[in-house]
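Below: one structure, written as structure tokens.
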Amino acid sequence: MSSAAPRPADQDHLWSVDEHLEDILATVRPLEPIELQLLDAQGCVLVEDVTVPVSLPPFDNSSMDGYAVRVADVTGASEEFPAVLDVVGDVAAGQAEPLEVGPGQAARIMTGAPLPPGAETVVPVEWTDGGLGEGPVSGMRARSLAPEGAEGHVHVYRPAEARAHVRGQGSDVRAGDRALDAGTVLGPPQIALLAAIGRGTVRVRPRPRVVVMSTGSELVQPDEGLGTGQIYDSNSFALTAAARDAGAIAYRVGAVADDAETLRATIEDQLVRADLLVTTGGVSVGAYDVVKEALSSVGDADEPGSGIDFRKLAMQPGKPQGFGTIGPDHTPLLALPGNPVSSYVSFELFVRPAIRTLMGLDDVHRPRTRATLTADKALTSPKGRRQFLRGAYADGSVSPVGGAGSHLVAALAQADALIVVPEDVESVEPGTEVEVVLLG
């Protein structure tokens, strides 16, 4: 889960965004691989190449409902001069005993059924009279309604080339081919392929379990009434959803009141189901910033190598941050600010890469691009801080959404990008090319 301990605290050091992220990624390690059933492996990362044990399709089969015939028997067939063939029976998908098609014969065949011995091609039923003797038909009658359709004669009105409407053995993948590479994230198409080649289980790195909790006695759960000075807890919902979006199995813990002992006990209770802990709120310098109070003393002689380091970063929003490991398994913990925008930006910059690292992915970051700034006036940024402004990106342009306040949840809901203003830039004029982090 984690190996190297985070760097020791230095209260006077102003960390850069890159230093903080580097420390996190140097501490967090991919989860150990396990064998999982296919559906349980959805969203997980393969840790081994998968080789095809059996060709797909495993046999020549029909891609149409029609008649399996010999090419010579239908050469020159037309509506005026149809080929008339003896129907020797049905070939259905999954049929164990194949028929044999001889000269002048045809077998009624269903989509997916194996091409019978002797047959060289398939004539779609629409090119025949379906054995009814009344001209071209649009389909076959159900066998249960017309069992006699599997015998008698069929008129064929068009010729067919060799192996027409035949899906050849191994035309999808051949035995011995590599089906999937190690490092592949298993989505529905990959799981379908694994099932199709007969793999019921697969070796993967599991999806990390992330526990999210917010702190603050002022927080109330949605659907409850608000009292004086209270607000609804949105951070824990946002971060839990973001963790799931990143690929994790995320658990949301209800808001914890501003009491250090309660918070410490809650965190200890949650360790059993956490590969990563995320808290939001209580990391600044206020008298009621309980995360800092509760965790600053964690990791003493009882837990060598553990401990949470509370830092100040040269960024806006999100200056106060905490990071370290906790508990007997040295579970990584990221303590994020409590303002909604600060916590979400911090998640995207630091928590998401940590989750993706636990999953064993090579590319752990959101994609970035360059875009032209579209704005009514210049954007200002504090000197020495890397600023992340919410933006709307489209067609190579990006425009700011909402103000700079870190409490503006409504503006955050309209943003699909972060505009990055470097530490050495204090003003960005409209029309300037800027770096953009794409969120969607």
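We label chains A, B, ... in the order they appear in the structure tokens, count residues from 1 in each chain, and number ligands from 1 in the order shown.
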Which residues are close to Ser217 of chain A, i.e. within 9 Å by only C-alpha atoms, leaving aside same-chain residues fewer than 3 positions away? Reply as a PDB file with N, CA, C and O atoms, in the first residue's frame.
```pdb
ATOM      1  N   VAL A 220     -24.628  19.609   8.340  1.00  0.00           N
ATOM      2  CA  VAL A 220     -25.894  18.880   8.451  1.00  0.00           C
ATOM      3  C   VAL A 220     -26.064  18.034   7.193  1.00  0.00           C
ATOM      4  O   VAL A 220     -25.689  18.455   6.091  1.00  0.00           O
ATOM      5  N   GLN A 230     -25.778  26.677  10.523  1.00  0.00           N
ATOM      6  CA  GLN A 230     -25.483  25.375   9.943  1.00  0.00           C
ATOM      7  C   GLN A 230     -25.514  25.416   8.416  1.00  0.00           C
ATOM      8  O   GLN A 230     -26.194  26.261   7.819  1.00  0.00           O
ATOM      9  N   ALA A 255     -20.541  13.475   8.497  1.00  0.00           N
ATOM     10  CA  ALA A 255     -19.698  14.526   9.070  1.00  0.00           C
ATOM     11  C   ALA A 255     -19.420  14.275  10.544  1.00  0.00           C
ATOM     12  O   ALA A 255     -20.303  13.905  11.319  1.00  0.00           O
ATOM     13  N   VAL A 256     -18.159  14.471  10.930  1.00  0.00           N
ATOM     14  CA  VAL A 256     -17.723  14.288  12.310  1.00  0.00           C
ATOM     15  C   VAL A 256     -17.650  15.644  12.992  1.00  0.00           C
ATOM     16  O   VAL A 256     -17.137  16.610  12.420  1.00  0.00           O
ATOM     17  N   ALA A 257     -18.172  15.735  14.194  1.00  0.00           N
ATOM     18  CA  ALA A 257     -18.187  17.008  14.922  1.00  0.00           C
ATOM     19  C   ALA A 257     -16.767  17.440  15.286  1.00  0.00           C
ATOM     20  O   ALA A 257     -15.808  16.666  15.225  1.00  0.00           O
ATOM     21  N   ASP A 258     -16.640  18.700  15.670  1.00  0.00           N
ATOM     22  CA  ASP A 258     -15.337  19.282  16.003  1.00  0.00           C
ATOM     23  C   ASP A 258     -14.862  18.801  17.373  1.00  0.00           C
ATOM     24  O   ASP A 258     -14.816  19.559  18.346  1.00  0.00           O
ATOM     25  N   ASP A 259     -14.510  17.539  17.422  1.00  0.00           N
ATOM     26  CA  ASP A 259     -13.984  16.959  18.652  1.00  0.00           C
ATOM     27  C   ASP A 259     -12.859  16.004  18.267  1.00  0.00           C
ATOM     28  O   ASP A 259     -13.077  15.021  17.547  1.00  0.00           O
TER      29      ASP A 259
END
```
Helix (DSSP H, G or I) positions in segment 115-331 of chain A, given as a ChimeraX atom specification: /A:125-127,147-150,188-196,235-246,260-273,290-295
Distance in Å - atom CA of Leu277 of chain A versus atom CA of Phe323 of chain A: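 Answer for the atom CA of Leu277 of chain A to atom CA of Phe323 of chain A separation: 10.0 Å.
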Near-Val398 of chain A list (7 Å; only C-alpha atoms; drop same-chain fewer than 2 positions) as number ranges by chain: A: 371-374, 391-394, 396, 400
Distance query Ser171 of chain A at most 12 Å, only C-alpha atoms, self and fewer than 5 positions along chain excluded, as JSON, numbers by chain: {"A": [54, 55, 56, 57, 58, 59, 60, 61, 166, 177]}
For those residues, write N, CA, C and O atoms to a file as an mmCIF file, in the first residue's frame.
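To be explicit, this is the file written out as out_18.cif:
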```cif
data_model
loop_
_atom_site.group_PDB
_atom_site.id
_atom_site.type_symbol
_atom_site.label_atom_id
_atom_site.label_comp_id
_atom_site.auth_asym_id
_atom_site.auth_seq_id
_atom_site.Cartn_x
_atom_site.Cartn_y
_atom_site.Cartn_z
ATOM 1 N N VAL A 54 -8.154 -20.498 -27.082
ATOM 2 C CA VAL A 54 -8.955 -21.116 -28.130
ATOM 3 C C VAL A 54 -9.365 -20.040 -29.124
ATOM 4 O O VAL A 54 -9.681 -18.914 -28.744
ATOM 5 N N SER A 55 -9.318 -20.360 -30.402
ATOM 6 C CA SER A 55 -9.631 -19.376 -31.433
ATOM 7 C C SER A 55 -11.073 -18.912 -31.331
ATOM 8 O O SER A 55 -11.960 -19.634 -30.891
ATOM 9 N N LEU A 56 -11.289 -17.681 -31.770
ATOM 10 C CA LEU A 56 -12.633 -17.124 -31.879
ATOM 11 C C LEU A 56 -12.892 -16.695 -33.320
ATOM 12 O O LEU A 56 -12.107 -15.922 -33.859
ATOM 13 N N PRO A 57 -13.968 -17.144 -33.934
ATOM 14 C CA PRO A 57 -14.826 -18.239 -33.458
ATOM 15 C C PRO A 57 -14.038 -19.551 -33.406
ATOM 16 O O PRO A 57 -13.069 -19.721 -34.141
ATOM 17 N N PRO A 58 -14.464 -20.492 -32.583
ATOM 18 C CA PRO A 58 -13.748 -21.769 -32.498
ATOM 19 C C PRO A 58 -14.015 -22.699 -33.685
ATOM 20 O O PRO A 58 -13.365 -23.739 -33.807
ATOM 21 N N PHE A 59 -14.953 -22.335 -34.543
ATOM 22 C CA PHE A 59 -15.279 -23.137 -35.735
ATOM 23 C C PHE A 59 -15.895 -22.216 -36.784
ATOM 24 O O PHE A 59 -16.366 -21.118 -36.468
ATOM 25 N N ASP A 60 -15.875 -22.654 -38.045
ATOM 26 C CA ASP A 60 -16.559 -21.909 -39.101
ATOM 27 C C ASP A 60 -18.047 -21.904 -38.799
ATOM 28 O O ASP A 60 -18.644 -22.964 -38.514
ATOM 29 N N ASN A 61 -18.675 -20.713 -38.860
ATOM 30 C CA ASN A 61 -20.111 -20.662 -38.577
ATOM 31 C C ASN A 61 -20.792 -19.626 -39.455
ATOM 32 O O ASN A 61 -20.146 -18.752 -40.053
ATOM 33 N N VAL A 166 -19.901 -16.582 -44.119
ATOM 34 C CA VAL A 166 -19.291 -17.551 -43.212
ATOM 35 C C VAL A 166 -18.261 -16.816 -42.349
ATOM 36 O O VAL A 166 -17.380 -16.135 -42.871
ATOM 37 N N ASP A 177 -2.695 -15.977 -29.742
ATOM 38 C CA ASP A 177 -2.613 -14.517 -29.833
ATOM 39 C C ASP A 177 -2.688 -13.914 -28.426
ATOM 40 O O ASP A 177 -3.244 -14.514 -27.503
#
```
Using DSSP assignments from the backbone, pull out every residue in segment 7-239 of chain A that falls under strand (DSSP E or B) and give it to me as a JSON list (two decimals) with N, CA and C atoms, in the first residue's frame.
```json
[["chain", "number", "residue", "atom", "x", "y", "z"],
["A", 14, "LEU", "N", 7.45, 26.39, 2.78],
["A", 14, "LEU", "CA", 6.28, 26.57, 1.92],
["A", 14, "LEU", "C", 6.43, 25.62, 0.75],
["A", 15, "TRP", "N", 5.62, 24.58, 0.77],
["A", 15, "TRP", "CA", 5.74, 23.54, -0.24],
["A", 15, "TRP", "C", 5.17, 23.99, -1.57],
["A", 28, "VAL", "N", 2.89, 6.41, -1.73],
["A", 28, "VAL", "CA", 1.82, 5.48, -2.11],
["A", 28, "VAL", "C", 2.36, 4.45, -3.10],
["A", 34, "ILE", "N", -4.55, -9.58, -6.91],
["A", 34, "ILE", "CA", -5.39, -10.69, -6.44],
["A", 34, "ILE", "C", -6.12, -11.28, -7.64],
["A", 35, "GLU", "N", -6.63, -12.50, -7.47],
["A", 35, "GLU", "CA", -7.41, -13.16, -8.51],
["A", 35, "GLU", "C", -8.89, -12.87, -8.25],
["A", 36, "LEU", "N", -9.57, -12.36, -9.27],
["A", 36, "LEU", "CA", -10.98, -12.00, -9.11],
["A", 36, "LEU", "C", -11.83, -12.62, -10.21],
["A", 37, "GLN", "N", -13.09, -12.90, -9.87],
["A", 37, "GLN", "CA", -14.08, -13.26, -10.87],
["A", 37, "GLN", "C", -14.26, -12.09, -11.84],
["A", 45, "VAL", "N", -7.09, -3.19, -12.98],
["A", 45, "VAL", "CA", -5.99, -3.18, -13.92],
["A", 45, "VAL", "C", -5.34, -4.57, -13.98],
["A", 46, "LEU", "N", -5.22, -5.11, -15.18],
["A", 46, "LEU", "CA", -4.56, -6.40, -15.36],
["A", 46, "LEU", "C", -3.09, -6.33, -14.95],
["A", 50, "VAL", "N", -2.76, -11.63, -21.19],
["A", 50, "VAL", "CA", -3.72, -12.73, -21.34],
["A", 50, "VAL", "C", -3.60, -13.27, -22.75],
["A", 51, "THR", "N", -3.30, -14.57, -22.87],
["A", 51, "THR", "CA", -3.15, -15.23, -24.16],
["A", 51, "THR", "C", -4.42, -16.01, -24.49],
["A", 56, "LEU", "N", -11.29, -17.68, -31.77],
["A", 56, "LEU", "CA", -12.63, -17.12, -31.88],
["A", 56, "LEU", "C", -12.89, -16.69, -33.32],
["A", 61, "ASN", "N", -18.68, -20.71, -38.86],
["A", 61, "ASN", "CA", -20.11, -20.66, -38.58],
["A", 61, "ASN", "C", -20.79, -19.63, -39.46],
["A", 62, "SER", "N", -22.09, -19.73, -39.53],
["A", 62, "SER", "CA", -22.87, -18.88, -40.40],
["A", 62, "SER", "C", -23.14, -17.53, -39.76],
["A", 66, "GLY", "N", -30.13, -18.94, -43.19],
["A", 66, "GLY", "CA", -30.24, -19.27, -44.61],
["A", 66, "GLY", "C", -30.01, -20.73, -44.86],
["A", 67, "TYR", "N", -29.26, -21.02, -45.94],
["A", 67, "TYR", "CA", -29.02, -22.40, -46.34],
["A", 67, "TYR", "C", -27.54, -22.60, -46.63],
["A", 68, "ALA", "N", -26.98, -23.67, -46.04],
["A", 68, "ALA", "CA", -25.60, -24.03, -46.30],
["A", 68, "ALA", "C", -25.59, -24.92, -47.54],
["A", 69, "VAL", "N", -24.79, -24.53, -48.55],
["A", 69, "VAL", "CA", -24.82, -25.21, -49.84],
["A", 69, "VAL", "C", -23.40, -25.34, -50.39],
["A", 83, "ALA", "N", -31.94, -22.42, -58.66],
["A", 83, "ALA", "CA", -31.38, -23.73, -58.33],
["A", 83, "ALA", "C", -32.33, -24.40, -57.35],
["A", 84, "VAL", "N", -32.63, -25.65, -57.61],
["A", 84, "VAL", "CA", -33.55, -26.38, -56.74],
["A", 84, "VAL", "C", -32.73, -27.46, -56.02],
["A", 85, "LEU", "N", -32.70, -27.38, -54.68],
["A", 85, "LEU", "CA", -31.87, -28.27, -53.89],
["A", 85, "LEU", "C", -32.72, -29.04, -52.87],
["A", 86, "ASP", "N", -32.26, -30.26, -52.56],
["A", 86, "ASP", "CA", -32.92, -31.07, -51.54],
["A", 86, "ASP", "C", -32.49, -30.58, -50.16],
["A", 87, "VAL", "N", -33.44, -30.32, -49.28],
["A", 87, "VAL", "CA", -33.13, -29.89, -47.91],
["A", 87, "VAL", "C", -32.97, -31.12, -47.04],
["A", 88, "VAL", "N", -31.77, -31.27, -46.44],
["A", 88, "VAL", "CA", -31.48, -32.49, -45.69],
["A", 88, "VAL", "C", -31.68, -32.33, -44.18],
["A", 89, "GLY", "N", -32.06, -31.10, -43.74],
["A", 89, "GLY", "CA", -32.30, -30.90, -42.32],
["A", 89, "GLY", "C", -31.84, -29.54, -41.84],
["A", 90, "ASP", "N", -31.93, -29.34, -40.53],
["A", 90, "ASP", "CA", -31.56, -28.07, -39.90],
["A", 90, "ASP", "C", -30.20, -28.18, -39.22],
["A", 91, "VAL", "N", -29.46, -27.05, -39.23],
["A", 91, "VAL", "CA", -28.25, -26.92, -38.44],
["A", 91, "VAL", "C", -28.46, -25.72, -37.52],
["A", 105, "GLN", "N", -27.61, -30.75, -52.54],
["A", 105, "GLN", "CA", -28.29, -30.69, -51.24],
["A", 105, "GLN", "C", -28.07, -29.33, -50.56],
["A", 106, "ALA", "N", -28.90, -29.04, -49.58],
["A", 106, "ALA", "CA", -28.78, -27.82, -48.77],
["A", 106, "ALA", "C", -29.22, -28.16, -47.35],
["A", 107, "ALA", "N", -28.63, -27.49, -46.40],
["A", 107, "ALA", "CA", -29.05, -27.63, -45.00],
["A", 107, "ALA", "C", -29.52, -26.26, -44.52],
["A", 108, "ARG", "N", -30.70, -26.20, -43.94],
["A", 108, "ARG", "CA", -31.18, -24.94, -43.37],
["A", 108, "ARG", "C", -30.32, -24.62, -42.15],
["A", 109, "ILE", "N", -29.71, -23.44, -42.14],
["A", 109, "ILE", "CA", -28.74, -23.11, -41.11],
["A", 109, "ILE", "C", -29.11, -21.81, -40.41],
["A", 114, "PRO", "N", -22.57, -24.04, -36.76],
["A", 114, "PRO", "CA", -21.37, -24.46, -37.49],
["A", 114, "PRO", "C", -21.68, -24.83, -38.94],
["A", 121, "THR", "N", -20.56, -22.53, -48.61],
["A", 121, "THR", "CA", -21.04, -21.16, -48.51],
["A", 121, "THR", "C", -22.44, -21.16, -47.91],
["A", 122, "VAL", "N", -22.92, -19.95, -47.59],
["A", 122, "VAL", "CA", -24.27, -19.81, -47.03],
["A", 122, "VAL", "C", -25.06, -18.84, -47.89],
["A", 123, "VAL", "N", -26.26, -19.27, -48.26],
["A", 123, "VAL", "CA", -27.19, -18.42, -49.02],
["A", 123, "VAL", "C", -28.21, -17.86, -48.04],
["A", 124, "PRO", "N", -28.33, -16.54, -47.91],
["A", 124, "PRO", "CA", -29.33, -15.97, -46.99],
["A", 124, "PRO", "C", -30.73, -16.43, -47.37],
["A", 128, "THR", "N", -34.01, -17.01, -51.18],
["A", 128, "THR", "CA", -34.67, -18.29, -51.46],
["A", 128, "THR", "C", -36.18, -18.16, -51.28],
["A", 152, "GLY", "N", -37.71, -31.39, -47.71],
["A", 152, "GLY", "CA", -38.31, -31.01, -48.98],
["A", 152, "GLY", "C", -37.30, -30.35, -49.89],
["A", 153, "HIS", "N", -37.75, -29.32, -50.61],
["A", 153, "HIS", "CA", -36.89, -28.63, -51.57],
["A", 153, "HIS", "C", -36.86, -27.14, -51.28],
["A", 154, "VAL", "N", -35.78, -26.49, -51.71],
["A", 154, "VAL", "CA", -35.68, -25.05, -51.61],
["A", 154, "VAL", "C", -35.23, -24.50, -52.96],
["A", 155, "HIS", "N", -35.83, -23.39, -53.37],
["A", 155, "HIS", "CA", -35.44, -22.70, -54.59],
["A", 155, "HIS", "C", -34.49, -21.56, -54.22],
["A", 156, "VAL", "N", -33.33, -21.53, -54.85],
["A", 156, "VAL", "CA", -32.32, -20.50, -54.60],
["A", 156, "VAL", "C", -32.24, -19.59, -55.81],
["A", 166, "VAL", "N", -19.90, -16.58, -44.12],
["A", 166, "VAL", "CA", -19.29, -17.55, -43.21],
["A", 166, "VAL", "C", -18.26, -16.82, -42.35],
["A", 167, "ARG", "N", -18.39, -16.94, -41.04],
["A", 167, "ARG", "CA", -17.40, -16.40, -40.12],
["A", 167, "ARG", "C", -16.36, -17.48, -39.86],
["A", 173, "VAL", "N", -9.90, -13.75, -33.16],
["A", 173, "VAL", "CA", -8.55, -13.95, -32.62],
["A", 173, "VAL", "C", -8.21, -15.42, -32.75],
["A", 178, "ARG", "N", -2.15, -12.70, -28.30],
["A", 178, "ARG", "CA", -2.31, -11.97, -27.04],
["A", 178, "ARG", "C", -3.64, -11.25, -27.06],
["A", 179, "ALA", "N", -4.49, -11.57, -26.11],
["A", 179, "ALA", "CA", -5.82, -10.96, -26.07],
["A", 179, "ALA", "C", -5.77, -9.58, -25.43],
["A", 180, "LEU", "N", -5.11, -9.47, -24.28],
["A", 180, "LEU", "CA", -5.03, -8.22, -23.54],
["A", 180, "LEU", "C", -3.64, -8.09, -22.92],
["A", 185, "VAL", "N", -7.05, -1.59, -18.33],
["A", 185, "VAL", "CA", -8.17, -1.41, -17.42],
["A", 185, "VAL", "C", -9.36, -2.19, -17.97],
["A", 201, "THR", "N", -11.75, -16.14, -14.33],
["A", 201, "THR", "CA", -11.09, -15.28, -13.35],
["A", 201, "THR", "C", -9.89, -14.62, -14.01],
["A", 202, "VAL", "N", -9.39, -13.58, -13.38],
["A", 202, "VAL", "CA", -8.26, -12.85, -13.93],
["A", 202, "VAL", "C", -7.47, -12.23, -12.78],
["A", 203, "ARG", "N", -6.16, -12.07, -12.98],
["A", 203, "ARG", "CA", -5.31, -11.51, -11.94],
["A", 203, "ARG", "C", -5.17, -10.01, -12.16],
["A", 204, "VAL", "N", -5.57, -9.24, -11.16],
["A", 204, "VAL", "CA", -5.62, -7.78, -11.29],
["A", 204, "VAL", "C", -5.17, -7.12, -9.98],
["A", 205, "ARG", "N", -4.92, -5.83, -10.08],
["A", 205, "ARG", "CA", -4.81, -5.03, -8.86],
["A", 205, "ARG", "C", -6.23, -4.57, -8.51],
["A", 209, "ARG", "N", -9.94, 0.92, -1.88],
["A", 209, "ARG", "CA", -11.05, 1.32, -1.00],
["A", 209, "ARG", "C", -10.68, 2.67, -0.38],
["A", 210, "VAL", "N", -11.50, 3.66, -0.65],
["A", 210, "VAL", "CA", -11.23, 5.01, -0.17],
["A", 210, "VAL", "C", -12.35, 5.42, 0.78],
["A", 211, "VAL", "N", -11.96, 5.83, 1.97],
["A", 211, "VAL", "CA", -12.92, 6.32, 2.97],
["A", 211, "VAL", "C", -12.83, 7.83, 3.03],
["A", 212, "VAL", "N", -13.98, 8.49, 2.86],
["A", 212, "VAL", "CA", -14.05, 9.96, 2.84],
["A", 212, "VAL", "C", -14.85, 10.42, 4.05],
["A", 213, "MET", "N", -14.30, 11.37, 4.80],
["A", 213, "MET", "CA", -15.07, 11.94, 5.91],
["A", 213, "MET", "C", -14.84, 13.45, 5.97],
["A", 214, "SER", "N", -15.89, 14.17, 6.27],
["A", 214, "SER", "CA", -15.79, 15.62, 6.44],
["A", 214, "SER", "C", -15.91, 15.93, 7.93],
["A", 215, "THR", "N", -15.37, 17.07, 8.33],
["A", 215, "THR", "CA", -15.40, 17.46, 9.73],
["A", 215, "THR", "C", -16.05, 18.83, 9.87],
["A", 219, "LEU", "N", -21.98, 21.12, 10.13],
["A", 219, "LEU", "CA", -22.43, 20.37, 8.96],
["A", 219, "LEU", "C", -23.68, 19.55, 9.27],
["A", 220, "VAL", "N", -24.63, 19.61, 8.34],
["A", 220, "VAL", "CA", -25.89, 18.88, 8.45],
["A", 220, "VAL", "C", -26.06, 18.03, 7.19],
["A", 231, "ILE", "N", -24.77, 24.49, 7.80],
["A", 231, "ILE", "CA", -24.78, 24.35, 6.34],
["A", 231, "ILE", "C", -24.84, 22.86, 6.03],
["A", 232, "TYR", "N", -25.24, 22.56, 4.81],
["A", 232, "TYR", "CA", -25.28, 21.16, 4.39],
["A", 232, "TYR", "C", -23.87, 20.67, 4.04]]
```
Nearest to Gly360 of chain A, chosen from A:Leu194, A:Val47, A:Ala243, A:Ala260, with only C-alpha atoms counted in the distances: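 Counting only C-alpha atoms, the residue closest to Gly360 of chain A is A:Val47.
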Separation of atom CA of Leu271 of chain A from atom CA of Ile355 of chain A in Å: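 It comes out at 16.1 Å.
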Computed interatomic separation between atom CA of Pro103 of chain A and atom CA of Trp127 of chain A (Å):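 Result for atom CA of Pro103 of chain A versus atom CA of Trp127 of chain A: 19.3 Å, one decimal.
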Given only C-alpha atoms as the counted atoms, nearest of A:Ile24, A:Val291, A:Ala175, A:Val409 to Phe350 of chain A: A:Ile24
Pick from A:Leu439, A:Ala182, A:Ile419, A:Ala410, whichever lies nearest to His365 of chain A using only C-alpha atoms: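 Among the listed residues, the smallest separation from His365 of chain A belongs to A:Leu439.
Restricting the calculation to only C-alpha atoms, the smallest distance between Leu239 of chain A and any of A:Gly176, A:Pro340, A:Gly112, A:Gly440 is found for A:Pro340.
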Top pick for closest residue to Glu261 of chain A, considering A:Glu293, A:Ala415, A:Asp245, A:Ala354 and counting only C-alpha atoms: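 Going through A:Glu293, A:Ala415, A:Asp245, A:Ala354 one by one, the smallest distance to Glu261 of chain A is for A:Glu293.
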